[in-house]
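Structure file query.cif with mmCIF, N, CA, C and O atoms and all ligand atoms:
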data_protein
loop_
_atom_site.label_atom_id
_atom_site.label_comp_id
_atom_site.auth_asym_id
_atom_site.auth_seq_id
_atom_site.Cartn_x
_atom_site.Cartn_y
_atom_site.Cartn_z
N MET A 1 -1.86 29.99 16.56
CA MET A 1 -1.38 29.25 15.41
C MET A 1 -0.73 30.24 14.46
O MET A 1 -1.31 31.26 14.13
N SER A 2 0.49 29.94 14.04
CA SER A 2 1.19 30.85 13.14
C SER A 2 0.56 30.78 11.75
O SER A 2 -0.16 29.84 11.42
N GLU A 3 0.88 31.79 10.95
CA GLU A 3 0.31 31.85 9.59
C GLU A 3 0.73 30.64 8.75
O GLU A 3 -0.08 30.06 8.03
N SER A 4 2.01 30.22 8.88
CA SER A 4 2.45 29.08 8.05
C SER A 4 1.83 27.77 8.52
O SER A 4 1.46 26.93 7.71
N SER A 5 1.66 27.57 9.84
CA SER A 5 1.05 26.32 10.30
C SER A 5 -0.44 26.30 9.96
O SER A 5 -1.00 25.26 9.67
N ARG A 6 -1.10 27.48 9.96
CA ARG A 6 -2.50 27.53 9.56
C ARG A 6 -2.63 27.16 8.08
O ARG A 6 -3.51 26.39 7.69
N ARG A 7 -1.70 27.68 7.26
CA ARG A 7 -1.71 27.37 5.84
C ARG A 7 -1.48 25.86 5.63
O ARG A 7 -2.17 25.23 4.83
N ASP A 8 -0.53 25.29 6.38
CA ASP A 8 -0.27 23.85 6.26
C ASP A 8 -1.49 23.03 6.68
O ASP A 8 -1.82 22.03 6.06
N PHE A 9 -2.16 23.49 7.75
CA PHE A 9 -3.35 22.79 8.23
C PHE A 9 -4.44 22.80 7.16
O PHE A 9 -5.06 21.77 6.86
N LEU A 10 -4.69 23.99 6.57
CA LEU A 10 -5.73 24.09 5.55
C LEU A 10 -5.38 23.26 4.32
O LEU A 10 -6.24 22.58 3.75
N LYS A 11 -4.11 23.26 3.95
CA LYS A 11 -3.66 22.48 2.80
C LYS A 11 -3.88 20.98 3.08
O LYS A 11 -4.39 20.25 2.25
N GLY A 12 -3.51 20.54 4.27
CA GLY A 12 -3.69 19.14 4.65
C GLY A 12 -5.16 18.75 4.68
O GLY A 12 -5.53 17.66 4.25
N SER A 13 -6.01 19.65 5.17
CA SER A 13 -7.45 19.37 5.23
C SER A 13 -8.03 19.22 3.83
O SER A 13 -8.84 18.34 3.57
N ALA A 14 -7.61 20.08 2.93
CA ALA A 14 -8.10 20.00 1.55
C ALA A 14 -7.70 18.68 0.91
O ALA A 14 -8.49 18.04 0.21
N GLN A 15 -6.46 18.23 1.18
CA GLN A 15 -6.01 16.96 0.61
C GLN A 15 -6.80 15.80 1.21
O GLN A 15 -7.14 14.84 0.52
N LEU A 16 -7.12 15.90 2.49
CA LEU A 16 -7.89 14.84 3.16
C LEU A 16 -9.29 14.73 2.56
O LEU A 16 -9.79 13.64 2.28
N ILE A 17 -9.92 15.87 2.33
CA ILE A 17 -11.27 15.88 1.75
C ILE A 17 -11.24 15.32 0.33
O ILE A 17 -12.08 14.50 -0.06
N ALA A 18 -10.24 15.71 -0.46
CA ALA A 18 -10.13 15.19 -1.83
C ALA A 18 -9.92 13.68 -1.80
O ALA A 18 -10.51 12.95 -2.60
N GLY A 19 -9.12 13.20 -0.87
CA GLY A 19 -8.88 11.76 -0.75
C GLY A 19 -10.14 11.01 -0.37
O GLY A 19 -10.44 9.95 -0.91
N ALA A 20 -10.91 11.57 0.57
CA ALA A 20 -12.16 10.92 1.00
C ALA A 20 -13.15 10.86 -0.16
O ALA A 20 -13.83 9.85 -0.35
N ALA A 21 -13.23 11.93 -0.95
CA ALA A 21 -14.14 11.94 -2.10
C ALA A 21 -13.73 10.89 -3.11
O ALA A 21 -14.57 10.17 -3.68
N ALA A 22 -12.44 10.74 -3.33
CA ALA A 22 -11.95 9.74 -4.28
C ALA A 22 -12.26 8.34 -3.79
O ALA A 22 -12.68 7.48 -4.55
N LEU A 23 -12.08 8.08 -2.49
CA LEU A 23 -12.38 6.76 -1.93
C LEU A 23 -13.87 6.45 -2.02
O LEU A 23 -14.26 5.32 -2.31
N SER A 24 -14.71 7.44 -1.77
CA SER A 24 -16.15 7.25 -1.86
C SER A 24 -16.55 6.86 -3.27
O SER A 24 -17.31 5.93 -3.49
N ALA A 25 -16.00 7.55 -4.25
CA ALA A 25 -16.29 7.23 -5.65
C ALA A 25 -15.81 5.83 -5.98
O ALA A 25 -16.48 5.07 -6.68
N LEU A 26 -14.66 5.45 -5.46
CA LEU A 26 -14.13 4.11 -5.68
C LEU A 26 -15.06 3.07 -5.08
O LEU A 26 -15.30 2.03 -5.69
N GLY A 27 -15.61 3.34 -3.93
CA GLY A 27 -16.52 2.40 -3.29
C GLY A 27 -17.74 2.13 -4.15
O GLY A 27 -18.15 0.99 -4.31
N VAL A 28 -18.32 3.18 -4.75
CA VAL A 28 -19.47 3.00 -5.62
C VAL A 28 -19.07 2.21 -6.85
O VAL A 28 -19.76 1.31 -7.29
N ALA A 29 -17.89 2.52 -7.40
CA ALA A 29 -17.44 1.81 -8.59
C ALA A 29 -17.24 0.33 -8.29
O ALA A 29 -17.63 -0.53 -9.07
N GLN A 30 -16.66 0.02 -7.11
CA GLN A 30 -16.45 -1.38 -6.75
C GLN A 30 -17.78 -2.07 -6.53
O GLN A 30 -17.97 -3.19 -6.95
N ALA A 31 -18.70 -1.39 -5.86
CA ALA A 31 -19.99 -2.00 -5.58
C ALA A 31 -20.70 -2.34 -6.87
O ALA A 31 -21.28 -3.41 -7.00
N SER A 32 -20.64 -1.46 -7.85
CA SER A 32 -21.36 -1.70 -9.08
C SER A 32 -20.72 -2.81 -9.90
O SER A 32 -21.34 -3.34 -10.80
N SER A 33 -19.49 -3.20 -9.58
CA SER A 33 -18.84 -4.24 -10.36
C SER A 33 -19.18 -5.64 -9.85
O SER A 33 -18.81 -6.62 -10.44
N HIS A 34 -19.93 -5.74 -8.74
CA HIS A 34 -20.27 -7.06 -8.21
C HIS A 34 -21.43 -7.69 -8.97
O HIS A 34 -21.64 -8.88 -8.87
N GLY A 35 -22.19 -6.90 -9.67
CA GLY A 35 -23.18 -7.45 -10.57
C GLY A 35 -24.58 -7.60 -10.03
O GLY A 35 -25.51 -7.82 -10.80
N GLY A 36 -24.81 -7.50 -8.73
CA GLY A 36 -26.14 -7.72 -8.19
C GLY A 36 -27.07 -6.54 -8.37
O GLY A 36 -28.27 -6.70 -8.51
N GLY A 37 -26.55 -5.34 -8.35
CA GLY A 37 -27.38 -4.15 -8.46
C GLY A 37 -27.10 -3.41 -9.74
O GLY A 37 -26.19 -3.73 -10.48
N LYS A 38 -27.95 -2.39 -10.01
CA LYS A 38 -27.76 -1.58 -11.21
C LYS A 38 -27.19 -0.23 -10.82
O LYS A 38 -27.69 0.38 -9.87
N PRO A 39 -26.16 0.24 -11.54
CA PRO A 39 -25.65 1.58 -11.23
C PRO A 39 -26.77 2.60 -11.41
O PRO A 39 -27.49 2.56 -12.39
N ALA A 40 -26.97 3.46 -10.46
CA ALA A 40 -27.97 4.51 -10.53
C ALA A 40 -27.23 5.84 -10.58
O ALA A 40 -26.03 5.90 -10.35
N VAL A 41 -27.97 6.90 -10.89
CA VAL A 41 -27.36 8.22 -10.99
C VAL A 41 -26.59 8.56 -9.73
O VAL A 41 -25.48 9.04 -9.77
N ASN A 42 -27.18 8.28 -8.59
CA ASN A 42 -26.53 8.62 -7.32
C ASN A 42 -26.14 7.38 -6.52
O ASN A 42 -26.16 7.39 -5.31
N GLY A 43 -25.80 6.31 -7.16
CA GLY A 43 -25.37 5.13 -6.43
C GLY A 43 -25.77 3.84 -7.12
O GLY A 43 -25.93 3.79 -8.33
N LEU A 44 -25.96 2.83 -6.32
CA LEU A 44 -26.31 1.50 -6.82
C LEU A 44 -27.76 1.22 -6.44
O LEU A 44 -28.13 1.32 -5.28
N SER A 45 -28.59 0.88 -7.42
CA SER A 45 -30.01 0.63 -7.16
C SER A 45 -30.25 -0.86 -6.97
O SER A 45 -29.92 -1.68 -7.82
N LEU A 46 -30.82 -1.19 -5.82
CA LEU A 46 -31.08 -2.59 -5.47
C LEU A 46 -32.57 -2.80 -5.28
O LEU A 46 -33.26 -1.92 -4.78
N ASP A 47 -33.05 -3.98 -5.64
CA ASP A 47 -34.45 -4.33 -5.39
C ASP A 47 -34.67 -4.37 -3.88
O ASP A 47 -34.01 -5.14 -3.17
N ALA A 48 -35.60 -3.58 -3.39
CA ALA A 48 -35.84 -3.52 -1.94
C ALA A 48 -36.34 -4.85 -1.38
O ALA A 48 -36.22 -5.10 -0.19
N GLY A 49 -36.89 -5.69 -2.25
CA GLY A 49 -37.38 -6.98 -1.80
C GLY A 49 -36.34 -8.08 -1.80
O GLY A 49 -36.62 -9.21 -1.40
N ALA A 50 -35.13 -7.75 -2.26
CA ALA A 50 -34.08 -8.77 -2.34
C ALA A 50 -33.57 -9.12 -0.95
O ALA A 50 -33.27 -8.25 -0.14
N GLY A 51 -33.48 -10.41 -0.69
CA GLY A 51 -32.94 -10.88 0.59
C GLY A 51 -31.51 -11.32 0.44
O GLY A 51 -31.00 -11.47 -0.67
N ASP A 52 -30.85 -11.52 1.55
CA ASP A 52 -29.48 -12.04 1.58
C ASP A 52 -28.47 -11.18 0.83
O ASP A 52 -27.49 -11.71 0.29
N ILE A 53 -28.69 -9.88 0.76
CA ILE A 53 -27.65 -8.96 0.26
C ILE A 53 -27.46 -7.86 1.31
O ILE A 53 -28.37 -7.53 2.06
N CYS A 54 -26.26 -7.31 1.30
CA CYS A 54 -25.92 -6.33 2.35
C CYS A 54 -26.80 -5.07 2.30
O CYS A 54 -27.20 -4.55 3.33
N GLY A 55 -27.09 -4.57 1.10
CA GLY A 55 -27.83 -3.32 0.98
C GLY A 55 -29.21 -3.33 1.60
O GLY A 55 -29.76 -2.28 1.92
N THR A 56 -29.81 -4.50 1.75
CA THR A 56 -31.14 -4.59 2.35
C THR A 56 -31.09 -5.20 3.75
O THR A 56 -32.13 -5.51 4.33
N CYS A 57 -29.89 -5.32 4.29
CA CYS A 57 -29.72 -5.99 5.59
C CYS A 57 -29.73 -4.98 6.75
O CYS A 57 -29.15 -3.90 6.65
N GLN A 58 -30.35 -5.36 7.80
CA GLN A 58 -30.41 -4.53 9.02
C GLN A 58 -29.02 -4.19 9.56
O GLN A 58 -28.80 -3.14 10.14
N PHE A 59 -28.07 -5.08 9.36
CA PHE A 59 -26.75 -4.92 9.99
C PHE A 59 -25.75 -4.14 9.15
O PHE A 59 -24.61 -3.96 9.55
N TRP A 60 -26.16 -3.70 7.94
CA TRP A 60 -25.21 -3.05 7.04
C TRP A 60 -25.06 -1.57 7.37
O TRP A 60 -26.06 -0.87 7.55
N GLY A 61 -23.83 -1.12 7.45
CA GLY A 61 -23.55 0.27 7.82
C GLY A 61 -22.98 1.09 6.70
O GLY A 61 -21.93 1.70 6.85
N GLY A 62 -23.64 1.14 5.56
CA GLY A 62 -23.21 1.99 4.46
C GLY A 62 -24.19 3.11 4.21
O GLY A 62 -25.26 3.15 4.81
N MET A 63 -23.83 4.04 3.34
CA MET A 63 -24.75 5.14 3.00
C MET A 63 -25.80 4.59 2.04
O MET A 63 -25.48 4.06 0.99
N ARG A 64 -27.05 4.71 2.41
CA ARG A 64 -28.14 4.19 1.59
C ARG A 64 -29.43 4.93 1.91
O ARG A 64 -29.56 5.54 2.98
N LYS A 65 -30.37 4.83 0.98
CA LYS A 65 -31.70 5.40 1.21
C LYS A 65 -32.71 4.54 0.47
O LYS A 65 -32.37 3.78 -0.45
N VAL A 66 -33.97 4.69 0.85
CA VAL A 66 -35.06 3.98 0.18
C VAL A 66 -35.65 4.93 -0.84
O VAL A 66 -35.82 6.12 -0.58
N SER A 67 -35.94 4.41 -2.05
CA SER A 67 -36.54 5.26 -3.08
C SER A 67 -37.94 5.70 -2.65
O SER A 67 -38.54 5.10 -1.75
N GLU A 68 -38.45 6.74 -3.30
CA GLU A 68 -39.76 7.28 -2.92
C GLU A 68 -40.86 6.24 -2.99
O GLU A 68 -41.75 6.19 -2.14
N ASP A 69 -40.80 5.37 -4.00
CA ASP A 69 -41.84 4.34 -4.14
C ASP A 69 -41.54 3.09 -3.29
O ASP A 69 -42.27 2.11 -3.34
N LYS A 70 -40.46 3.15 -2.54
CA LYS A 70 -40.03 2.07 -1.64
C LYS A 70 -39.72 0.76 -2.36
O LYS A 70 -39.64 -0.29 -1.74
N ALA A 71 -39.53 0.84 -3.67
CA ALA A 71 -39.24 -0.37 -4.44
C ALA A 71 -37.74 -0.67 -4.50
O ALA A 71 -37.34 -1.79 -4.81
N HIS A 72 -36.91 0.34 -4.22
CA HIS A 72 -35.47 0.17 -4.35
C HIS A 72 -34.73 0.76 -3.15
O HIS A 72 -35.22 1.66 -2.49
N VAL A 73 -33.55 0.21 -2.94
CA VAL A 73 -32.60 0.81 -2.01
C VAL A 73 -31.48 1.38 -2.86
O VAL A 73 -30.94 0.68 -3.72
N ILE A 74 -31.16 2.65 -2.65
CA ILE A 74 -30.08 3.29 -3.38
C ILE A 74 -28.89 3.37 -2.42
O ILE A 74 -28.97 4.04 -1.38
N ALA A 75 -27.82 2.69 -2.77
CA ALA A 75 -26.62 2.67 -1.91
C ALA A 75 -25.53 3.49 -2.56
O ALA A 75 -25.34 3.43 -3.78
N GLN A 76 -24.82 4.25 -1.73
CA GLN A 76 -23.80 5.13 -2.28
C GLN A 76 -22.40 4.84 -1.79
O GLN A 76 -21.51 5.65 -2.00
N SER A 77 -22.21 3.74 -1.11
CA SER A 77 -20.87 3.48 -0.59
C SER A 77 -20.71 2.01 -0.24
O SER A 77 -21.68 1.26 -0.29
N MET A 78 -19.50 1.65 0.09
CA MET A 78 -19.27 0.38 0.75
C MET A 78 -19.81 0.56 2.18
O MET A 78 -20.05 1.68 2.62
N GLY A 79 -20.01 -0.52 2.91
CA GLY A 79 -20.50 -0.38 4.27
C GLY A 79 -19.91 -1.44 5.19
O GLY A 79 -19.47 -2.50 4.74
N TRP A 80 -19.93 -1.13 6.48
CA TRP A 80 -19.42 -2.08 7.46
C TRP A 80 -20.50 -3.11 7.77
O TRP A 80 -21.66 -2.76 7.96
N CYS A 81 -20.10 -4.37 7.89
CA CYS A 81 -21.01 -5.39 8.39
C CYS A 81 -20.94 -5.33 9.92
O CYS A 81 -19.86 -5.45 10.51
N ASN A 82 -22.09 -5.16 10.55
CA ASN A 82 -22.15 -5.04 12.02
C ASN A 82 -22.80 -6.24 12.68
O ASN A 82 -23.30 -6.14 13.80
N ASN A 83 -22.80 -7.35 11.95
CA ASN A 83 -23.40 -8.56 12.50
C ASN A 83 -22.31 -9.49 13.04
O ASN A 83 -21.56 -10.09 12.27
N PRO A 84 -22.21 -9.64 14.36
CA PRO A 84 -21.15 -10.48 14.93
C PRO A 84 -21.23 -11.95 14.53
O PRO A 84 -20.26 -12.68 14.65
N GLU A 85 -22.37 -12.36 14.01
CA GLU A 85 -22.51 -13.76 13.58
C GLU A 85 -22.01 -13.99 12.16
O GLU A 85 -21.90 -15.13 11.71
N SER A 86 -21.72 -12.90 11.44
CA SER A 86 -21.29 -13.03 10.05
C SER A 86 -19.77 -13.14 9.94
O SER A 86 -19.04 -12.55 10.73
N LYS A 87 -19.31 -13.88 8.92
CA LYS A 87 -17.87 -13.95 8.64
C LYS A 87 -17.34 -12.60 8.19
O LYS A 87 -16.14 -12.35 8.25
N SER A 88 -18.24 -11.73 7.72
CA SER A 88 -17.83 -10.40 7.25
C SER A 88 -17.88 -9.34 8.35
O SER A 88 -17.67 -8.16 8.07
N TYR A 89 -18.16 -9.75 9.57
CA TYR A 89 -18.27 -8.80 10.69
C TYR A 89 -17.06 -7.88 10.75
O TYR A 89 -15.93 -8.33 10.68
N ARG A 90 -17.34 -6.60 10.86
CA ARG A 90 -16.33 -5.55 10.96
C ARG A 90 -15.47 -5.41 9.71
O ARG A 90 -14.35 -4.91 9.79
N THR A 91 -15.98 -5.86 8.56
CA THR A 91 -15.28 -5.61 7.31
C THR A 91 -16.19 -4.79 6.40
O THR A 91 -17.41 -4.75 6.60
N LEU A 92 -15.59 -4.15 5.41
CA LEU A 92 -16.36 -3.37 4.45
C LEU A 92 -16.89 -4.31 3.37
O LEU A 92 -16.14 -5.15 2.85
N THR A 93 -18.16 -4.16 3.05
CA THR A 93 -18.75 -4.98 2.00
C THR A 93 -19.48 -4.07 1.01
O THR A 93 -19.90 -2.97 1.34
N ALA A 94 -19.65 -4.58 -0.21
CA ALA A 94 -20.42 -3.87 -1.22
C ALA A 94 -21.90 -4.07 -0.94
O ALA A 94 -22.30 -5.09 -0.37
N ALA A 95 -22.72 -3.10 -1.36
CA ALA A 95 -24.16 -3.18 -1.10
C ALA A 95 -24.79 -4.40 -1.75
O ALA A 95 -25.75 -4.97 -1.23
N ASP A 96 -24.25 -4.84 -2.88
CA ASP A 96 -24.86 -5.99 -3.56
C ASP A 96 -24.14 -7.30 -3.25
O ASP A 96 -24.36 -8.30 -3.94
N LYS A 97 -23.35 -7.30 -2.20
CA LYS A 97 -22.67 -8.55 -1.78
C LYS A 97 -23.72 -9.56 -1.33
O LYS A 97 -24.60 -9.26 -0.54
N LYS A 98 -23.59 -10.77 -1.84
CA LYS A 98 -24.49 -11.86 -1.43
C LYS A 98 -24.02 -12.44 -0.11
O LYS A 98 -22.84 -12.71 0.09
N MET A 99 -24.97 -12.63 0.80
CA MET A 99 -24.68 -13.25 2.08
C MET A 99 -24.24 -14.69 1.86
O MET A 99 -24.88 -15.42 1.11
N GLN A 100 -23.13 -15.09 2.47
CA GLN A 100 -22.61 -16.44 2.26
C GLN A 100 -23.21 -17.46 3.22
O GLN A 100 -23.31 -18.64 2.90
N MET A 101 -23.62 -17.03 4.39
CA MET A 101 -24.17 -17.95 5.39
C MET A 101 -25.69 -17.79 5.41
O MET A 101 -26.20 -16.70 5.23
N SER A 102 -26.38 -18.86 5.67
CA SER A 102 -27.84 -18.75 5.70
C SER A 102 -28.32 -18.51 7.14
O SER A 102 -27.67 -18.89 8.10
N GLY A 103 -29.45 -17.83 7.22
CA GLY A 103 -30.11 -17.67 8.51
C GLY A 103 -29.66 -16.51 9.37
O GLY A 103 -30.18 -16.32 10.47
N ILE A 104 -28.73 -15.68 8.91
CA ILE A 104 -28.33 -14.55 9.77
C ILE A 104 -28.62 -13.19 9.14
O ILE A 104 -28.49 -12.18 9.80
N TRP A 105 -29.00 -13.16 7.86
CA TRP A 105 -29.43 -11.90 7.24
C TRP A 105 -30.75 -11.49 7.88
O TRP A 105 -31.61 -12.33 8.14
N LYS A 106 -30.89 -10.21 8.15
CA LYS A 106 -32.14 -9.71 8.72
C LYS A 106 -32.56 -8.49 7.90
O LYS A 106 -31.75 -7.59 7.67
N LYS A 107 -33.82 -8.44 7.50
CA LYS A 107 -34.33 -7.36 6.66
C LYS A 107 -34.18 -6.01 7.36
O LYS A 107 -34.50 -5.88 8.55
N TRP A 108 -33.69 -5.01 6.62
CA TRP A 108 -33.54 -3.65 7.12
C TRP A 108 -34.92 -3.17 7.64
O TRP A 108 -35.92 -3.28 6.93
N SER A 109 -34.96 -2.65 8.81
CA SER A 109 -36.23 -2.32 9.48
C SER A 109 -37.05 -1.26 8.76
O SER A 109 -38.26 -1.18 8.96
N VAL A 110 -36.45 -0.45 7.91
CA VAL A 110 -37.22 0.60 7.23
C VAL A 110 -37.90 0.08 5.96
O VAL A 110 -38.70 0.78 5.36
N LEU A 111 -37.61 -1.14 5.57
CA LEU A 111 -38.23 -1.70 4.35
C LEU A 111 -39.55 -2.37 4.66
O LEU A 111 -39.80 -2.86 5.73
S1 LIG B 201 -22.43 -9.63 5.43
FE1 LIG B 201 -24.46 -10.50 5.88
S2 LIG B 201 -24.94 -9.84 7.99
FE2 LIG B 201 -23.25 -8.56 7.25
S3 LIG B 201 -24.28 -6.73 6.41
FE3 LIG B 201 -23.97 -8.16 4.71
S4 LIG B 201 -25.89 -9.34 4.56
FE4 LIG B 201 -25.84 -8.34 6.59
#

As structure tokens, what does this structure read like?
Amino acid sequence: MSESSRRDFLKGSAQLIAGAAALSALGVAQASSHGGGKPAVNGLSLDAGAGDICGTCQFWGGMRKVSEDKAHVIAQSMGWCNNPESKSYRTLTAADKKMQMSGIWKKWSVL
């Protein structure tokens, strides 16, 4: 790899990382605007006992963790719905999105 192409590669990588960080921050901002959860220092804090929302659903593929006291789920991003029975299947949803269909939400197994 020549010196100029290496420089271009590094420059492009830095721009990609900056873009990903900006999108991640945007995801948290969008999630917190849906109103179901409370903005937390490191994401959106959701009641771990809440049903029919993406953040507590087994099928949700976003960045999340359970609080130490297991009372809350802290979500840090939008996430993919991986439930083929849902209208939101294979789309990005906010952690506090309310499930529109009944009977297909399943509690996250770690809760
Ligand atoms: S849209 Fe429904 S099935 Fe999909 S992740 Fe959210 S709560 Fe779960």

Can you build me a table of chain A residues sitting at most 8 Å from ligand LIG 201 (chain B), with the closest atom pair per residue and its distance in Å to one decimal, using only C-alpha atoms and all ligand atoms, sorted by chain and residue number, as CSV?
residue,atom,partner,partner_atom,distance
A:Asp52,CA,B:LIG201,S4,5.4
A:Ile53,CA,B:LIG201,S4,4.7
A:Cys54,CA,B:LIG201,FE3,3.6
A:Gly55,CA,B:LIG201,FE3,7.2
A:Thr56,CA,B:LIG201,S4,7.4
A:Cys57,CA,B:LIG201,FE4,4.6
A:Gln58,CA,B:LIG201,FE4,6.4
A:Phe59,CA,B:LIG201,S3,4.7
A:Trp60,CA,B:LIG201,S3,3.8
A:Gly61,CA,B:LIG201,S3,7.2
A:Gly79,CA,B:LIG201,S3,7.7
A:Trp80,CA,B:LIG201,S3,6.8
A:Cys81,CA,B:LIG201,FE2,4.0
A:Asn82,CA,B:LIG201,FE2,6.0
A:Asn83,CA,B:LIG201,S2,4.9
A:Pro84,CA,B:LIG201,S2,7.9
A:Glu85,CA,B:LIG201,S2,7.2
A:Ser86,CA,B:LIG201,S2,5.3
A:Lys87,CA,B:LIG201,S1,7.1
A:Ser88,CA,B:LIG201,S1,5.0
A:Tyr89,CA,B:LIG201,FE2,6.1
A:Thr93,CA,B:LIG201,FE3,6.7
A:Ala95,CA,B:LIG201,FE3,7.7
A:Lys97,CA,B:LIG201,FE3,6.6
A:Lys98,CA,B:LIG201,S4,6.6
A:Met99,CA,B:LIG201,FE1,4.7
A:Gln100,CA,B:LIG201,FE1,7.2
A:Met101,CA,B:LIG201,FE1,7.5
A:Ile104,CA,B:LIG201,S2,6.1
A:Trp105,CA,B:LIG201,S2,5.0
A:Lys106,CA,B:LIG201,FE4,6.8

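CA of Trp108 (chain A) sits 16.8 Å away from CA of Gly37 (chain A).
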
Distance query 6 Å from (-20.6, 0.8, 1.8) using only C-alpha atoms, result as a PyMOL selection string: chain A and resi 62+77-79+94

Using only C-alpha atoms, which residue out of A:Met63, A:Thr91, A:Val110, A:Lys70 lies closest to Asn42 (chain A)? A:Met63

Centre and edge lengths, as lines of an AutoDock Vina configuration file, for the axis-aligned box enclosing every listed atom of region 94-109 of chain A with 3 Å of padding on each of the six sides, in Å to one decimal?
center_x = -29.0
center_y = -10.0
center_z = 3.3
size_x = 24.6
size_y = 23.7
size_z = 20.4

What's the separation between atom C of Ala75 (chain A) and atom C of Arg90 (chain A), in Å to one decimal place?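 About the pair atom C of Ala75 (chain A) and atom C of Arg90 (chain A): they are 18.2 Å apart.
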
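A straight line drawn from atom O of Ser67 (chain A) to atom O of Leu92 (chain A) is 25.1 Å long.
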
Within 7 Å of (-41.0, -3.3, -3.3), all atoms listed in the file: residues as a compact mmCIF listing (two decimals) with N, CA, C and O atoms, in the coordinates of the input?
# COMPACT_ATOMS: atom_id res chain seq x y z
N ASP A 47 -33.05 -3.98 -5.64
CA ASP A 47 -34.45 -4.33 -5.39
C ASP A 47 -34.67 -4.37 -3.88
O ASP A 47 -34.01 -5.14 -3.17
N ALA A 48 -35.60 -3.58 -3.39
CA ALA A 48 -35.84 -3.52 -1.94
C ALA A 48 -36.34 -4.85 -1.38
O ALA A 48 -36.22 -5.10 -0.19
N GLY A 49 -36.89 -5.69 -2.25
CA GLY A 49 -37.38 -6.98 -1.80
C GLY A 49 -36.34 -8.08 -1.80
O GLY A 49 -36.62 -9.21 -1.40
N ASP A 69 -40.80 5.37 -4.00
CA ASP A 69 -41.84 4.34 -4.14
C ASP A 69 -41.54 3.09 -3.29
O ASP A 69 -42.27 2.11 -3.34
N LYS A 70 -40.46 3.15 -2.54
CA LYS A 70 -40.03 2.07 -1.64
C LYS A 70 -39.72 0.76 -2.36
O LYS A 70 -39.64 -0.29 -1.74
N ALA A 71 -39.53 0.84 -3.67
CA ALA A 71 -39.24 -0.37 -4.44
C ALA A 71 -37.74 -0.67 -4.50
O ALA A 71 -37.34 -1.79 -4.81
N HIS A 72 -36.91 0.34 -4.22
CA HIS A 72 -35.47 0.17 -4.35
C HIS A 72 -34.73 0.76 -3.15
O HIS A 72 -35.22 1.66 -2.49

Take region 48-52 of chain A, model all heavy atoms, and hand the result over as a PDB file, keeping the file's coordinate frame.
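Contents of selection-v6.pdb, as written:
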ATOM      1  N   ALA A  48     -35.600  -3.580  -3.390  1.00  0.00           N
ATOM      2  CA  ALA A  48     -35.840  -3.520  -1.940  1.00  0.00           C
ATOM      3  C   ALA A  48     -36.340  -4.850  -1.380  1.00  0.00           C
ATOM      4  O   ALA A  48     -36.220  -5.100  -0.190  1.00  0.00           O
ATOM      5  CB  ALA A  48     -36.845  -2.409  -1.623  1.00  0.00           C
ATOM      6  N   GLY A  49     -36.890  -5.690  -2.250  1.00  0.00           N
ATOM      7  CA  GLY A  49     -37.380  -6.980  -1.800  1.00  0.00           C
ATOM      8  C   GLY A  49     -36.340  -8.080  -1.800  1.00  0.00           C
ATOM      9  O   GLY A  49     -36.620  -9.210  -1.400  1.00  0.00           O
ATOM     10  N   ALA A  50     -35.130  -7.750  -2.260  1.00  0.00           N
ATOM     11  CA  ALA A  50     -34.080  -8.770  -2.340  1.00  0.00           C
ATOM     12  C   ALA A  50     -33.570  -9.120  -0.950  1.00  0.00           C
ATOM     13  O   ALA A  50     -33.270  -8.250  -0.140  1.00  0.00           O
ATOM     14  CB  ALA A  50     -32.930  -8.254  -3.202  1.00  0.00           C
ATOM     15  N   GLY A  51     -33.480 -10.410  -0.690  1.00  0.00           N
ATOM     16  CA  GLY A  51     -32.940 -10.880   0.590  1.00  0.00           C
ATOM     17  C   GLY A  51     -31.510 -11.320   0.440  1.00  0.00           C
ATOM     18  O   GLY A  51     -31.000 -11.470  -0.670  1.00  0.00           O
ATOM     19  N   ASP A  52     -30.850 -11.520   1.550  1.00  0.00           N
ATOM     20  CA  ASP A  52     -29.480 -12.040   1.580  1.00  0.00           C
ATOM     21  C   ASP A  52     -28.470 -11.180   0.830  1.00  0.00           C
ATOM     22  O   ASP A  52     -27.490 -11.710   0.290  1.00  0.00           O
ATOM     23  CB  ASP A  52     -29.437 -13.483   1.067  1.00  0.00           C
ATOM     24  CG  ASP A  52     -30.011 -14.456   2.090  1.00  0.00           C
ATOM     25  OD1 ASP A  52     -30.009 -14.134   3.295  1.00  0.00           O
ATOM     26  OD2 ASP A  52     -30.457 -15.537   1.682  1.00  0.00           O
TER      27      ASP A  52
END
